[in-house]
Amino acid sequence: MVENRWAASHEPLRLRAETLDAVVREWYEELHGPVQPLVGQLNRRLAEYALDRSTAETDGALAGEPASAALADSFSSRFSLFDDAGVGTADALVAEFEGSALDDRITTATVDAYRHYRNLHADYVDEWVCTRGEMFHAVSTAEQSLSALSPELDVVVLSGYHEFRPVERRLIERLVDELPMIALLPLHQDGRSGVDAVAEDALDVYEALDFETVDLEPVDESGRAFGTITESLYRPDPDSVPAPDTLRWRELPTPEREIRFVARELRTELANGRDPDDLAVVIPGTEAYSGYVEDTFDTFDIPHVTTAASQLNRTFTGSIVHDLLNLAEADPRAKNLTSLLANPLVDIVPTDQANAVTAAARRRDTVSVAPLLDDVDDQAATLIEELLTTLETLRTGDIEDATDTLRRLLDDRFNLKETTEDYATGAEQAVEQRAYDLVDEVLTSFESLASVSSNLSPLALFTRAFDGVPIRVPQRAAGGHVEVMGLLDARMRSFEKVFLVGLTSEHFPVTSEHPAFFEEMTDAHPRFDTGDERLRGRYLFATLLANVDQLTITTPEAGDEESAVVRSPVLDELQRVTDIEPETGVDDRVGSREDLQRHIAATADQRAAVSRAGDRGDISPDQTKRMDRGLHCADKRGTAGLSEHDGVLEPETVDEVYPPSEREPYSASRIERYVECGFKFYADNVLGIEDPDDVEVAPTPLETGSYVHDVLERFFADLQDDIDEGVDLPKFDRDTLATHLSDIAVEELHDADFQYDGLFYERWKAELFAGLSDEGSRLYEAGSNPHNAPEQGLFARFLDNELSRDDTDRPHLFEAPFGEGLPDSDAGPFTVERPDGSTVSIRGYIDRVDVNREGEQPSLTLYDYKTGRAPYMTKTTGGTKFQLPIYLLAAADVVTGDLFDQGSLSATYYQVRPPNDLKVPRGVESKFDSEVELRRFLDDIVPEWLGQIDDAIANGRFHTTLLSARGANCRYCDYRRACDVRHHRKREFVNEVGTDEAAYVPLRVRDDKDIEAVMGDD
Ligand code: SF4
């Protein structure tokens, strides 16, 4: 940035911007030949192995547990500090600690670890590899003149230092001797107290070296205004300074709204022509806010780049390594496989197979990988198994083989280097490439140290090495984008407008926690101090303030999940000095399409508002059209009458899209579904919209129902010797029956076309099989909480219920088919005839027919098993449920002889609801005074209603439900967001539809008639 600014007004070749480290390396190489700096990862490995040696010892402060990644981090940075302090050997450290007040255990352990570290360094690191301290030391003590090494240098400008490590200080002293130097040091007060306290060190160095001080005054009004503020911060009794207009403080209800506010502001700035490079968003708590920033800035179309430090694991490249290491464990986890397969940089198996694995993982609720492989094709399963086998080397092989395996996987198998080069563009690409380089650096460090012996497995070593590796994207990737950064990155940068987000005590200033071990060392040896974060935070805040033209600070009123938030003490100080108060309240300006839609929703003439937004180009022509149509449709639906917007089709259209050949024969349940809601029926049956493939962890109600039906059918059918004879249950003893039922249920379960595993499935099985037989109970794992198995499950209860019933009723027919076209039956057509002679064709199965021939008049009882709640009988006489009357009508075709004509009829539900909710309510016949009435209902009224339903479908009446929301199960309906049903106006709607001759209005929802009146009319 400095170079660019310079190049804009001066000769570019006259200025070179370099880091101090780069210049030192250049000089070092001129003095001693090519050098390789000790890379961070190799240095960290040395610290890890050194600590492993210390922890493997039998006594000492570090003996015991293997060193964690966090401990290795702490020691590694402490060793760098020693190096920077010029303490290059363990003996030098001993000398440093001599006469120290520090606890002996701490000095001994530190010296011991440092000795291992230096020994490892000497034994395994190439001699041309140099530490930072060694390079700085060599350059600052070189005999040759530095100015002779760089004769082109007229003057050195040093910027960005407010604290110096010892080696840096020595180098500056040397430089000053040889070259003209200018040091830049932002100071806000006297350089020693208040916000400047942290800069005292640099000021001391410059003063000791006799730098001439030149004060630079702010060049513009905003600089002067902010300067007056920074001058007063952290001073006793400052004069009150008014906050300038360029300083704002906005408080929003939550962190998310904070980011939305910033996004709206940025949109306004960009729309007004501000260059994104002149804007910055500084977020001290970048980790906590990063999710909101990505989502919200994308929604608001803000070109942005996050250059704040992050973690390797948060990149796609890093998460590949993370997943591979987890998959190398003895019992690999499903979530690591699904995460690996979903990674955009990985292409192990075809996408459909990867999706199948993910779907299976959700459905099966399994933690381990193995069961997921059943759901993919053989080729994909083999590829995954091969991968897992390859990864075993990480657990069982030596470190050399393991590193080689991981490298081959990443480079040859996943082709990761090229993939990251082709991935996305700009900053996203830069992040992944940097991540790849880091992974490479880690693997190279293991290769360099392959001959170091270790008691840990390669997997443990890798896991520790890859834990918490920081990653930082180069700033050059930010051009043309609004940069989102941490506070440290904003140091010595200047912007026109900056948003400082989340200034709470949680995020700023953060005082990093060092192990107590090092706290004590710092107290005893200030030379090894890492500085005071609080003081540093104040200084950085003031420097940011002084470097911008406009600053907007935002804070949340509450944290995530309404946790309390404490403002940063820096903000309290700013308030003390300036009396600034936050602007509060929600921010409801329009900044994104989402905001625009909310605003339009609140206007009186929405169509006009949409049209205006379309004219202004705020929404595209396609969006304008779609929104206008949507509003027109909603308007039409707002009236009670039926229109093409309420699911009404022309009969000709129905003929084309849902002709009689497709809809007939009806099943009882299809008829009931139409009556429940025409719109849902239309979407499911006419448009053929498939159910979303919901993720299930146990059999669905449909799967449970079908399984239980199959078991109960076979239970009786297999006991029946003669089809004309009913099953005489009491002639068997209970144990025999229980074994029989259990055998069938187990067999059917094996043959079922669903497959689950996991806790919920175990519970499901327990609810069916508990208390039935030993074989049955072996089928599930009866655990303790949370899945308490009932003592008696459904099958045991069913058996007891059957044995306790009147034994003159003999179960006779099971799953008896009627109507044509059923897969396992050759029954002829079954139709019901309306009074006007038209017919409706129906088909289905009657779950069970019991016959009693003991009395004077034989009786027929039909059962319909329900694994859910059995509906009330009034729904049948109210014209919304049809199963029982249809089965009664069909029984005439199903039973032999004159049984149907002569017998007394009964039909009811048999509720078999797991785990043990059994109920057989009084049948539909109980709703009529006599057999004659029942038959009249069956012969006249039911056919008439069925005919009306058939007509309504043929006439395209696919409007939303006439029942209550509960009656139509709207809560569980997939279309509830699309159908726009208005239950509060149901009465009006029913009345309107009632005037439509072609519609079917169930008796149940009509006020003017009940079943008695209908029967009376007849
Ligand atoms: S939500 Fe209710 S009214 Fe709407 S489609 Fe579904 S069932 Fe019908």
# chains A, B, ... in the order shown; residues from 1 in each chain; ligands from 1
$ residues_around --residues "A:Arg472" --least-positions-apart "2" --cutoff "12 Å" --atoms "only C-alpha atoms" --output "list of chain:residue names"
A:Val305, A:Thr306, A:Thr307, A:Ala308, A:Ala309, A:Ser310, A:Gln311, A:Leu312, A:Arg314, A:Thr315, A:Ala427, A:Glu428, A:Ala430, A:Val431, A:Glu432, A:Gln433, A:Arg434, A:Ala435, A:Asp437, A:Leu438, A:Val469, A:Pro470, A:Pro474, A:Gln475, A:Arg476, A:Ala477, A:Met485, A:Gly486, A:Asp489
$ residues_near_ligand --ligand "ligand 1" --cutoff "9 Å" --atoms "only C-alpha atoms and all ligand atoms" --output "VMD selection string"
chain A and resid 676 to 683 959 to 983
$ closest_atom_pairs --of "stretch 58-124 of chain A" --to "stretch 513-532 of chain A" --cutoff "7 Å" --atoms "only C-alpha atoms" --output "JSON lines"
{"residue": "A:Leu81", "atom": "CA", "partner": "A:Phe528", "partner_atom": "CA", "distance": 6.4}
{"residue": "A:Ser100", "atom": "CA", "partner": "A:Ala524", "partner_atom": "CA", "distance": 6.8}
{"residue": "A:Ala101", "atom": "CA", "partner": "A:Ala524", "partner_atom": "CA", "distance": 6.2}
{"residue": "A:Leu102", "atom": "CA", "partner": "A:Ala524", "partner_atom": "CA", "distance": 6.0}
{"residue": "A:Ile106", "atom": "CA", "partner": "A:Phe517", "partner_atom": "CA", "distance": 6.8}
$ write_last_selection --atoms "N, CA, C and O atoms" --output "CSV table (one decimal), in the first residue's frame"
chain,number,residue,atom,x,y,z
A,81,LEU,N,11.0,-16.5,21.8
A,81,LEU,CA,11.3,-15.3,22.6
A,81,LEU,C,12.8,-15.4,23.1
A,81,LEU,O,13.5,-14.4,23.1
A,100,SER,N,17.8,-16.3,39.9
A,100,SER,CA,16.4,-15.9,39.6
A,100,SER,C,15.5,-16.2,40.8
A,100,SER,O,15.8,-17.2,41.5
A,101,ALA,N,14.5,-15.4,41.0
A,101,ALA,CA,13.5,-15.7,42.0
A,101,ALA,C,12.5,-16.8,41.6
A,101,ALA,O,11.7,-17.2,42.4
A,102,LEU,N,12.7,-17.2,40.4
A,102,LEU,CA,11.8,-18.1,39.8
A,102,LEU,C,11.9,-19.5,40.5
A,102,LEU,O,13.0,-19.9,40.8
A,106,ILE,N,10.4,-24.7,37.8
A,106,ILE,CA,10.1,-24.1,36.5
A,106,ILE,C,11.4,-23.9,35.7
A,106,ILE,O,11.5,-24.2,34.5
$ atom_distance --atom1 "atom CA of A:Val282" --atom2 "atom CA of A:Thr246"
16.5 Å
$ select_by_dssp --residues "stretch 272-396 of chain A" --states "strand (DSSP E)" --output "count of residues only"
9
$ residues_around --residues "A:Glu200" --least-positions-apart "6" --cutoff "8 Å" --atoms "only C-alpha atoms" --output "PyMOL selection string"
chain A and resi 162-163+191-193
$ write_last_selection --atoms "all heavy atoms" --output "PDB file, in the first residue's frame"
ATOM      1  N   HIS A 162       6.139  -0.484  17.722  1.00  0.00           N
ATOM      2  CA  HIS A 162       5.990   0.288  18.948  1.00  0.00           C
ATOM      3  C   HIS A 162       6.584  -0.455  20.138  1.00  0.00           C
ATOM      4  O   HIS A 162       6.646   0.047  21.233  1.00  0.00           O
ATOM      5  CB  HIS A 162       4.522   0.667  19.214  1.00  0.00           C
ATOM      6  CG  HIS A 162       3.593  -0.495  19.165  1.00  0.00           C
ATOM      7  ND1 HIS A 162       2.897  -0.829  18.042  1.00  0.00           N
ATOM      8  CD2 HIS A 162       3.270  -1.394  20.103  1.00  0.00           C
ATOM      9  CE1 HIS A 162       2.170  -1.897  18.286  1.00  0.00           C
ATOM     10  NE2 HIS A 162       2.367  -2.254  19.529  1.00  0.00           N
ATOM     11  N   GLU A 163       7.023  -1.699  19.879  1.00  0.00           N
ATOM     12  CA  GLU A 163       7.755  -2.461  20.896  1.00  0.00           C
ATOM     13  C   GLU A 163       8.873  -3.198  20.154  1.00  0.00           C
ATOM     14  O   GLU A 163       8.691  -3.552  18.986  1.00  0.00           O
ATOM     15  CB  GLU A 163       6.841  -3.508  21.552  1.00  0.00           C
ATOM     16  CG  GLU A 163       5.719  -2.938  22.364  1.00  0.00           C
ATOM     17  CD  GLU A 163       4.556  -3.924  22.471  1.00  0.00           C
ATOM     18  OE1 GLU A 163       3.727  -3.978  21.555  1.00  0.00           O
ATOM     19  OE2 GLU A 163       4.501  -4.631  23.477  1.00  0.00           O
ATOM     20  N   GLY A 191       3.752   9.914  24.649  1.00  0.00           N
ATOM     21  CA  GLY A 191       4.535   8.740  24.280  1.00  0.00           C
ATOM     22  C   GLY A 191       4.836   7.818  25.442  1.00  0.00           C
ATOM     23  O   GLY A 191       5.459   6.779  25.277  1.00  0.00           O
ATOM     24  N   ARG A 192       4.370   8.160  26.638  1.00  0.00           N
ATOM     25  CA  ARG A 192       4.753   7.332  27.790  1.00  0.00           C
ATOM     26  C   ARG A 192       3.573   6.936  28.678  1.00  0.00           C
ATOM     27  O   ARG A 192       3.659   5.978  29.423  1.00  0.00           O
ATOM     28  CB  ARG A 192       5.781   8.044  28.651  1.00  0.00           C
ATOM     29  CG  ARG A 192       7.035   8.325  27.884  1.00  0.00           C
ATOM     30  CD  ARG A 192       8.150   8.818  28.741  1.00  0.00           C
ATOM     31  NE  ARG A 192       9.294   9.118  27.893  1.00  0.00           N
ATOM     32  CZ  ARG A 192      10.113   8.199  27.423  1.00  0.00           C
ATOM     33  NH1 ARG A 192       9.954   6.940  27.718  1.00  0.00           N
ATOM     34  NH2 ARG A 192      11.116   8.540  26.642  1.00  0.00           N
ATOM     35  N   SER A 193       2.532   7.657  28.599  1.00  0.00           N
ATOM     36  CA  SER A 193       1.404   7.300  29.468  1.00  0.00           C
ATOM     37  C   SER A 193       0.115   7.367  28.665  1.00  0.00           C
ATOM     38  O   SER A 193       0.126   7.620  27.466  1.00  0.00           O
ATOM     39  CB  SER A 193       1.346   8.271  30.651  1.00  0.00           C
ATOM     40  OG  SER A 193       1.215   9.586  30.161  1.00  0.00           O
TER      41      SER A 193
END
$ residues_around --residues "stretch 638-643 of chain A" --least-positions-apart "6" --cutoff "9 Å" --atoms "only C-alpha atoms" --output "ChimeraX atom specification"
/A:649,957,959,980,982,985-986,988-993,996
$ write_last_selection --atoms "N, CA and C atoms" --output "PDB file, in the first residue's frame"
ATOM      1  N   LEU A 649     -59.666 -26.189 -11.828  1.00  0.00           N
ATOM      2  CA  LEU A 649     -59.230 -26.452 -13.206  1.00  0.00           C
ATOM      3  C   LEU A 649     -60.456 -26.649 -14.090  1.00  0.00           C
ATOM      4  N   ARG A 957     -62.200 -29.471  -9.155  1.00  0.00           N
ATOM      5  CA  ARG A 957     -62.316 -28.734  -7.888  1.00  0.00           C
ATOM      6  C   ARG A 957     -61.172 -29.147  -6.956  1.00  0.00           C
ATOM      7  N   HIS A 959     -59.613 -27.125  -4.678  1.00  0.00           N
ATOM      8  CA  HIS A 959     -59.413 -26.025  -3.741  1.00  0.00           C
ATOM      9  C   HIS A 959     -58.896 -26.548  -2.398  1.00  0.00           C
ATOM     10  N   ASP A 980     -51.783 -21.055   0.924  1.00  0.00           N
ATOM     11  CA  ASP A 980     -52.425 -19.803   1.326  1.00  0.00           C
ATOM     12  C   ASP A 980     -53.849 -20.024   1.842  1.00  0.00           C
ATOM     13  N   ARG A 982     -56.863 -19.837   4.304  1.00  0.00           N
ATOM     14  CA  ARG A 982     -57.173 -18.816   5.333  1.00  0.00           C
ATOM     15  C   ARG A 982     -58.250 -19.364   6.264  1.00  0.00           C
ATOM     16  N   ARG A 985     -61.251 -17.562   7.737  1.00  0.00           N
ATOM     17  CA  ARG A 985     -62.441 -17.252   6.919  1.00  0.00           C
ATOM     18  C   ARG A 985     -63.092 -18.520   6.392  1.00  0.00           C
ATOM     19  N   LYS A 986     -62.889 -19.597   7.141  1.00  0.00           N
ATOM     20  CA  LYS A 986     -63.364 -20.891   6.680  1.00  0.00           C
ATOM     21  C   LYS A 986     -64.879 -20.922   6.455  1.00  0.00           C
ATOM     22  N   GLU A 988     -67.007 -18.588   5.717  1.00  0.00           N
ATOM     23  CA  GLU A 988     -67.361 -17.870   4.495  1.00  0.00           C
ATOM     24  C   GLU A 988     -67.023 -18.719   3.257  1.00  0.00           C
ATOM     25  N   PHE A 989     -65.851 -19.337   3.320  1.00  0.00           N
ATOM     26  CA  PHE A 989     -65.367 -20.151   2.202  1.00  0.00           C
ATOM     27  C   PHE A 989     -66.292 -21.348   1.985  1.00  0.00           C
ATOM     28  N   VAL A 990     -66.638 -22.024   3.090  1.00  0.00           N
ATOM     29  CA  VAL A 990     -67.520 -23.196   2.979  1.00  0.00           C
ATOM     30  C   VAL A 990     -68.854 -22.779   2.367  1.00  0.00           C
ATOM     31  N   ASN A 991     -69.393 -21.644   2.803  1.00  0.00           N
ATOM     32  CA  ASN A 991     -70.687 -21.190   2.251  1.00  0.00           C
ATOM     33  C   ASN A 991     -70.585 -20.935   0.761  1.00  0.00           C
ATOM     34  N   GLU A 992     -69.482 -20.282   0.365  1.00  0.00           N
ATOM     35  CA  GLU A 992     -69.285 -19.993  -1.067  1.00  0.00           C
ATOM     36  C   GLU A 992     -69.181 -21.289  -1.867  1.00  0.00           C
ATOM     37  N   VAL A 993     -68.336 -22.200  -1.380  1.00  0.00           N
ATOM     38  CA  VAL A 993     -68.145 -23.460  -2.111  1.00  0.00           C
ATOM     39  C   VAL A 993     -69.465 -24.241  -2.137  1.00  0.00           C
ATOM     40  N   ASP A 996     -71.494 -23.922  -5.077  1.00  0.00           N
ATOM     41  CA  ASP A 996     -70.930 -24.450  -6.323  1.00  0.00           C
ATOM     42  C   ASP A 996     -71.426 -25.882  -6.514  1.00  0.00           C
TER      43      ASP A 996
END
$ closest_residue --among "A:Glu533, A:Asp929, A:Asp91, A:Glu173" --to "A:Phe508" --atoms "only C-alpha atoms"
A:Glu533
$ residues_around --residues "A:Val498" --least-positions-apart "3" --cutoff "6 Å" --atoms "only C-alpha atoms" --output "list in words"
Leu279, Ala280, Val281 and Leu551 of chain A
$ residues_around --residues "A:Ala288" --least-positions-apart "5" --cutoff "10 Å" --atoms "only C-alpha atoms" --output "list in words"
Pro255, Ile283, Val293, Gly502, His507 and Asp560 of chain A
$ select_by_dssp --residues "stretch 887-975 of chain A" --states "helix (DSSP H, G or I)" --output "MDAnalysis selection string"
chainID A and resid 887:894 899:902 924:927 931:954 970:972
$ decode --residues "stretch 395-406 of chain A" --atoms "all heavy atoms" --output "mmCIF file, in the first residue's frame"
data_model
loop_
_atom_site.group_PDB
_atom_site.id
_atom_site.type_symbol
_atom_site.label_atom_id
_atom_site.label_comp_id
_atom_site.auth_asym_id
_atom_site.auth_seq_id
_atom_site.Cartn_x
_atom_site.Cartn_y
_atom_site.Cartn_z
ATOM 1 N N ARG A 395 -2.165 -45.113 11.680
ATOM 2 C CA ARG A 395 -2.322 -45.589 13.054
ATOM 3 C C ARG A 395 -1.259 -46.630 13.397
ATOM 4 O O ARG A 395 -0.795 -46.706 14.512
ATOM 5 C CB ARG A 395 -3.713 -46.202 13.188
ATOM 6 C CG ARG A 395 -4.294 -46.114 14.554
ATOM 7 C CD ARG A 395 -5.730 -46.588 14.596
ATOM 8 N NE ARG A 395 -5.924 -47.947 14.195
ATOM 9 C CZ ARG A 395 -6.591 -48.335 13.127
ATOM 10 N NH1 ARG A 395 -7.138 -47.445 12.335
ATOM 11 N NH2 ARG A 395 -6.724 -49.598 12.814
ATOM 12 N N THR A 396 -0.927 -47.435 12.372
ATOM 13 C CA THR A 396 -0.108 -48.598 12.679
ATOM 14 C C THR A 396 1.318 -48.513 12.145
ATOM 15 O O THR A 396 2.199 -49.196 12.651
ATOM 16 C CB THR A 396 -0.773 -49.862 12.078
ATOM 17 O OG1 THR A 396 -0.981 -49.592 10.680
ATOM 18 C CG2 THR A 396 -2.104 -50.154 12.709
ATOM 19 N N GLY A 397 1.561 -47.686 11.135
ATOM 20 C CA GLY A 397 2.894 -47.655 10.514
ATOM 21 C C GLY A 397 3.856 -46.749 11.256
ATOM 22 O O GLY A 397 3.547 -46.237 12.337
ATOM 23 N N ASP A 398 5.053 -46.553 10.662
ATOM 24 C CA ASP A 398 5.971 -45.583 11.273
ATOM 25 C C ASP A 398 5.725 -44.208 10.659
ATOM 26 O O ASP A 398 4.994 -44.075 9.683
ATOM 27 C CB ASP A 398 7.426 -46.044 11.146
ATOM 28 C CG ASP A 398 7.858 -46.166 9.694
ATOM 29 O OD1 ASP A 398 7.265 -45.471 8.846
ATOM 30 O OD2 ASP A 398 8.767 -46.965 9.410
ATOM 31 N N ILE A 399 6.368 -43.208 11.225
ATOM 32 C CA ILE A 399 6.050 -41.835 10.833
ATOM 33 C C ILE A 399 6.427 -41.576 9.368
ATOM 34 O O ILE A 399 5.735 -40.845 8.655
ATOM 35 C CB ILE A 399 6.724 -40.816 11.793
ATOM 36 C CG1 ILE A 399 6.281 -39.384 11.493
ATOM 37 C CG2 ILE A 399 8.223 -40.897 11.748
ATOM 38 C CD1 ILE A 399 4.903 -39.065 11.854
ATOM 39 N N GLU A 400 7.459 -42.256 8.899
ATOM 40 C CA GLU A 400 7.890 -42.026 7.520
ATOM 41 C C GLU A 400 6.833 -42.536 6.547
ATOM 42 O O GLU A 400 6.405 -41.827 5.619
ATOM 43 C CB GLU A 400 9.226 -42.748 7.299
ATOM 44 C CG GLU A 400 9.957 -42.191 6.118
ATOM 45 C CD GLU A 400 11.394 -42.712 6.062
ATOM 46 O OE1 GLU A 400 11.847 -43.327 7.054
ATOM 47 O OE2 GLU A 400 12.017 -42.497 5.020
ATOM 48 N N ASP A 401 6.364 -43.785 6.796
ATOM 49 C CA ASP A 401 5.327 -44.348 5.920
ATOM 50 C C ASP A 401 4.038 -43.522 6.021
ATOM 51 O O ASP A 401 3.344 -43.298 5.040
ATOM 52 C CB ASP A 401 5.003 -45.792 6.336
ATOM 53 C CG ASP A 401 6.149 -46.709 5.959
ATOM 54 O OD1 ASP A 401 6.987 -46.260 5.149
ATOM 55 O OD2 ASP A 401 6.209 -47.830 6.488
ATOM 56 N N ALA A 402 3.728 -43.118 7.263
ATOM 57 C CA ALA A 402 2.478 -42.382 7.471
ATOM 58 C C ALA A 402 2.513 -41.044 6.732
ATOM 59 O O ALA A 402 1.533 -40.655 6.078
ATOM 60 C CB ALA A 402 2.254 -42.164 8.959
ATOM 61 N N THR A 403 3.638 -40.341 6.823
ATOM 62 C CA THR A 403 3.738 -39.053 6.130
ATOM 63 C C THR A 403 3.629 -39.274 4.626
ATOM 64 O O THR A 403 2.937 -38.547 3.910
ATOM 65 C CB THR A 403 5.076 -38.356 6.451
ATOM 66 O OG1 THR A 403 5.306 -38.458 7.844
ATOM 67 C CG2 THR A 403 5.065 -36.912 6.052
ATOM 68 N N ASP A 404 4.314 -40.336 4.178
ATOM 69 C CA ASP A 404 4.291 -40.639 2.752
ATOM 70 C C ASP A 404 2.858 -40.958 2.299
ATOM 71 O O ASP A 404 2.403 -40.503 1.251
ATOM 72 C CB ASP A 404 5.220 -41.842 2.526
ATOM 73 C CG ASP A 404 5.375 -42.123 1.053
ATOM 74 O OD1 ASP A 404 5.626 -41.158 0.311
ATOM 75 O OD2 ASP A 404 5.222 -43.295 0.643
ATOM 76 N N THR A 405 2.129 -41.727 3.131
ATOM 77 C CA THR A 405 0.751 -42.081 2.788
ATOM 78 C C THR A 405 -0.119 -40.829 2.693
ATOM 79 O O THR A 405 -0.881 -40.650 1.731
ATOM 80 C CB THR A 405 0.154 -43.000 3.890
ATOM 81 O OG1 THR A 405 0.975 -44.136 3.988
ATOM 82 C CG2 THR A 405 -1.266 -43.398 3.573
ATOM 83 N N LEU A 406 0.003 -39.968 3.673
ATOM 84 C CA LEU A 406 -0.831 -38.770 3.684
ATOM 85 C C LEU A 406 -0.493 -37.884 2.478
ATOM 86 O O LEU A 406 -1.362 -37.338 1.812
ATOM 87 C CB LEU A 406 -0.591 -38.012 4.998
ATOM 88 C CG LEU A 406 -1.673 -37.056 5.455
ATOM 89 C CD1 LEU A 406 -3.052 -37.691 5.430
ATOM 90 C CD2 LEU A 406 -1.379 -36.549 6.867
#
